[in-house]
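Just below is one structure, and these are the notes that go with it.
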Amino acid sequence: MYATLVERAPQEAPPGPARAVRRARILLVEDDTDMRALVGAVLREDGHEVVSVDSGIAMLRHLECALWTDDPRERFDAVVSDVQMPDLTALEVMEALRYRGIDTPIILMTAYGMPRSQAESRALGAFALLAKPLDWAELRATIRDAVGPA
């Protein structure tokens, strides 16, 4: 599944999940504090364990550490990440991860509807690219597709 970018009006309150989703461990990467809190709350409401970080460097560190651990509980089932961040963009992190054998599904979020981001993210193996403001039903469906049903 590869979501397309479309302009949407923001929803005031995210509705609950439509179908059961397997409980997943998700790395949430967002430099905007309010957006990180909101997306994290939605994911936790759906029963997911969420590890939140605020930079591309932290994303890279968490995914590399998860790659080298023998404990499967330390690995991530999916990543939800903003594309643009002040240090490393998610695309730069994905490029660095590409050669390390990390195949965790990465769902990207962007407020910029640039075709270049779509093409780059697709080439780097992004699972999906979602437009901000987020459509909560689309985010939930994308997570379900990435991690599998309950």
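Chain labels A, B, ... are given in the sequence in which chains occur in the structure tokens; within each chain residues are numbered consecutively from 1, and ligands are likewise numbered from 1 in the order shown.
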What's the 12 Å shell around Leu67 in chain A, counting only C-alpha atoms, without same-chain residues fewer than 5 positions away, as a ChimeraX atom specification? /A:60-62,72-77,97,100-104
Where does DSSP see strand (DSSP E or B) in chain A, if you list the residues as a JSON list (two decimals) with C-alpha atoms, in the first residue's frame?
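Output below, filename result26.json:
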[["chain", "number", "residue", "atom", "x", "y", "z"],
["A", 21, "VAL", "CA", -5.13, -4.31, 14.95],
["A", 25, "ARG", "CA", 5.70, -1.55, 19.11],
["A", 26, "ILE", "CA", 5.92, 1.68, 17.13],
["A", 27, "LEU", "CA", 8.70, 4.24, 16.93],
["A", 28, "LEU", "CA", 7.12, 7.69, 16.52],
["A", 29, "VAL", "CA", 9.44, 10.39, 15.17],
["A", 49, "GLU", "CA", 3.34, 0.59, 22.60],
["A", 50, "VAL", "CA", 4.82, 3.88, 21.42],
["A", 51, "VAL", "CA", 8.39, 5.07, 21.78],
["A", 52, "SER", "CA", 8.48, 8.78, 20.88],
["A", 53, "VAL", "CA", 11.54, 10.70, 19.74],
["A", 78, "ALA", "CA", 6.69, -0.04, 12.45],
["A", 79, "VAL", "CA", 7.97, 3.53, 12.37],
["A", 80, "VAL", "CA", 5.75, 6.59, 11.94],
["A", 81, "SER", "CA", 7.92, 9.58, 11.09],
["A", 82, "ASP", "CA", 7.67, 13.16, 9.95],
["A", 106, "ILE", "CA", 8.34, 3.13, 7.73],
["A", 107, "ILE", "CA", 5.24, 5.29, 7.40],
["A", 108, "LEU", "CA", 6.10, 8.87, 6.58],
["A", 109, "MET", "CA", 4.05, 11.99, 7.33],
["A", 110, "THR", "CA", 4.49, 15.29, 5.52],
["A", 128, "ALA", "CA", 3.45, 4.86, 2.90],
["A", 129, "LEU", "CA", 3.54, 8.63, 2.69],
["A", 130, "LEU", "CA", 0.63, 10.33, 4.47],
["A", 131, "ALA", "CA", -0.40, 13.98, 4.20],
["A", 149, "PRO", "CA", -4.43, -7.74, 11.87]]
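Minimum atom-to-atom distances from A:Ala146, A:Arg140, A:Ala66, A:Met35 to Phe127 in chain A were compared using only C-alpha atoms, and the lowest value belongs to A:Ala146.
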Nearest to Pro86 in chain A, chosen from A:Val39, A:Leu124, A:Asp32, A:Thr142, with only C-alpha atoms counted in the distances: A:Asp32
Within chain A, find each residue whose DSSP state, derived from the backbone, is alpha helix (DSSP H), and express the selection as a JSON list (two decimals) with C-alpha atoms, in the first residue's frame.
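Output saved as states-v7.json:
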[["chain", "number", "residue", "atom", "x", "y", "z"],
["A", 33, "THR", "CA", 5.80, 18.50, 20.39],
["A", 34, "ASP", "CA", 2.02, 18.89, 19.98],
["A", 35, "MET", "CA", 1.85, 16.70, 16.88],
["A", 36, "ARG", "CA", 4.02, 14.04, 18.56],
["A", 37, "ALA", "CA", 1.70, 14.02, 21.59],
["A", 38, "LEU", "CA", -1.44, 13.80, 19.43],
["A", 39, "VAL", "CA", -0.22, 11.00, 17.16],
["A", 40, "GLY", "CA", 1.22, 9.15, 20.15],
["A", 41, "ALA", "CA", -2.13, 9.39, 21.98],
["A", 42, "VAL", "CA", -4.00, 8.01, 18.95],
["A", 43, "LEU", "CA", -1.57, 5.09, 18.61],
["A", 44, "ARG", "CA", -1.69, 4.31, 22.34],
["A", 45, "GLU", "CA", -5.49, 4.50, 22.28],
["A", 56, "GLY", "CA", 16.17, 11.96, 12.82],
["A", 57, "ILE", "CA", 19.33, 11.23, 14.80],
["A", 58, "ALA", "CA", 17.27, 9.65, 17.60],
["A", 59, "MET", "CA", 15.35, 7.65, 14.97],
["A", 60, "LEU", "CA", 18.60, 6.33, 13.53],
["A", 61, "ARG", "CA", 19.97, 5.40, 16.98],
["A", 62, "HIS", "CA", 16.80, 3.55, 18.04],
["A", 63, "LEU", "CA", 16.58, 1.56, 14.81],
["A", 64, "GLU", "CA", 20.27, 0.65, 14.82],
["A", 65, "CYS", "CA", 20.09, -0.47, 18.47],
["A", 66, "ALA", "CA", 17.01, -2.57, 17.69],
["A", 67, "LEU", "CA", 18.90, -4.22, 14.83],
["A", 68, "TRP", "CA", 21.70, -5.43, 17.10],
["A", 90, "ALA", "CA", 13.47, 10.82, 7.57],
["A", 91, "LEU", "CA", 14.61, 10.28, 3.98],
["A", 92, "GLU", "CA", 18.25, 10.74, 4.99],
["A", 93, "VAL", "CA", 17.78, 8.27, 7.84],
["A", 94, "MET", "CA", 16.12, 5.78, 5.49],
["A", 95, "GLU", "CA", 19.04, 6.09, 3.09],
["A", 96, "ALA", "CA", 21.47, 5.34, 5.94],
["A", 97, "LEU", "CA", 19.35, 2.37, 7.10],
["A", 98, "ARG", "CA", 19.00, 0.91, 3.62],
["A", 115, "PRO", "CA", 6.08, 14.86, -5.78],
["A", 116, "ARG", "CA", 9.84, 14.65, -5.13],
["A", 117, "SER", "CA", 9.17, 13.40, -1.57],
["A", 118, "GLN", "CA", 6.80, 10.77, -2.92],
["A", 119, "ALA", "CA", 9.31, 9.53, -5.48],
["A", 120, "GLU", "CA", 12.21, 9.57, -3.00],
["A", 121, "SER", "CA", 10.27, 7.86, -0.24],
["A", 122, "ARG", "CA", 9.06, 5.18, -2.62],
["A", 123, "ALA", "CA", 12.60, 4.60, -3.92],
["A", 136, "TRP", "CA", -6.91, 9.26, 11.40],
["A", 137, "ALA", "CA", -8.75, 6.47, 9.57],
["A", 138, "GLU", "CA", -6.01, 6.43, 6.91],
["A", 139, "LEU", "CA", -3.27, 6.33, 9.57],
["A", 140, "ARG", "CA", -5.00, 3.44, 11.35],
["A", 141, "ALA", "CA", -5.53, 1.52, 8.09],
["A", 142, "THR", "CA", -1.88, 2.06, 7.15],
["A", 143, "ILE", "CA", -0.69, 0.81, 10.57],
["A", 144, "ARG", "CA", -2.97, -2.22, 10.22],
["A", 145, "ASP", "CA", -1.55, -2.96, 6.77],
["A", 146, "ALA", "CA", 2.01, -2.53, 8.03],
["A", 147, "VAL", "CA", 1.80, -4.67, 11.19]]
What is the CA of Pro105 in chain A to CA of Asp54 in chain A distance in Å?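 Taking CA of Pro105 in chain A and CA of Asp54 in chain A, their separation equals 18.7 Å.
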Expressed in Å to a single decimal, how great is the separation between CA of Tyr112 in chain A and CA of Asp87 in chain A? 17.4 Å
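Candidate residues A:Leu88, A:Gly125, A:Glu30, A:Arg22 were compared for distance to Gly47 in chain A, and the nearest is A:Arg22, using only C-alpha atoms.
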Would you work out the distance separating CA of His48 in chain A from CA of Arg23 in chain A, expressed in Å to one decimal? 5.0 Å
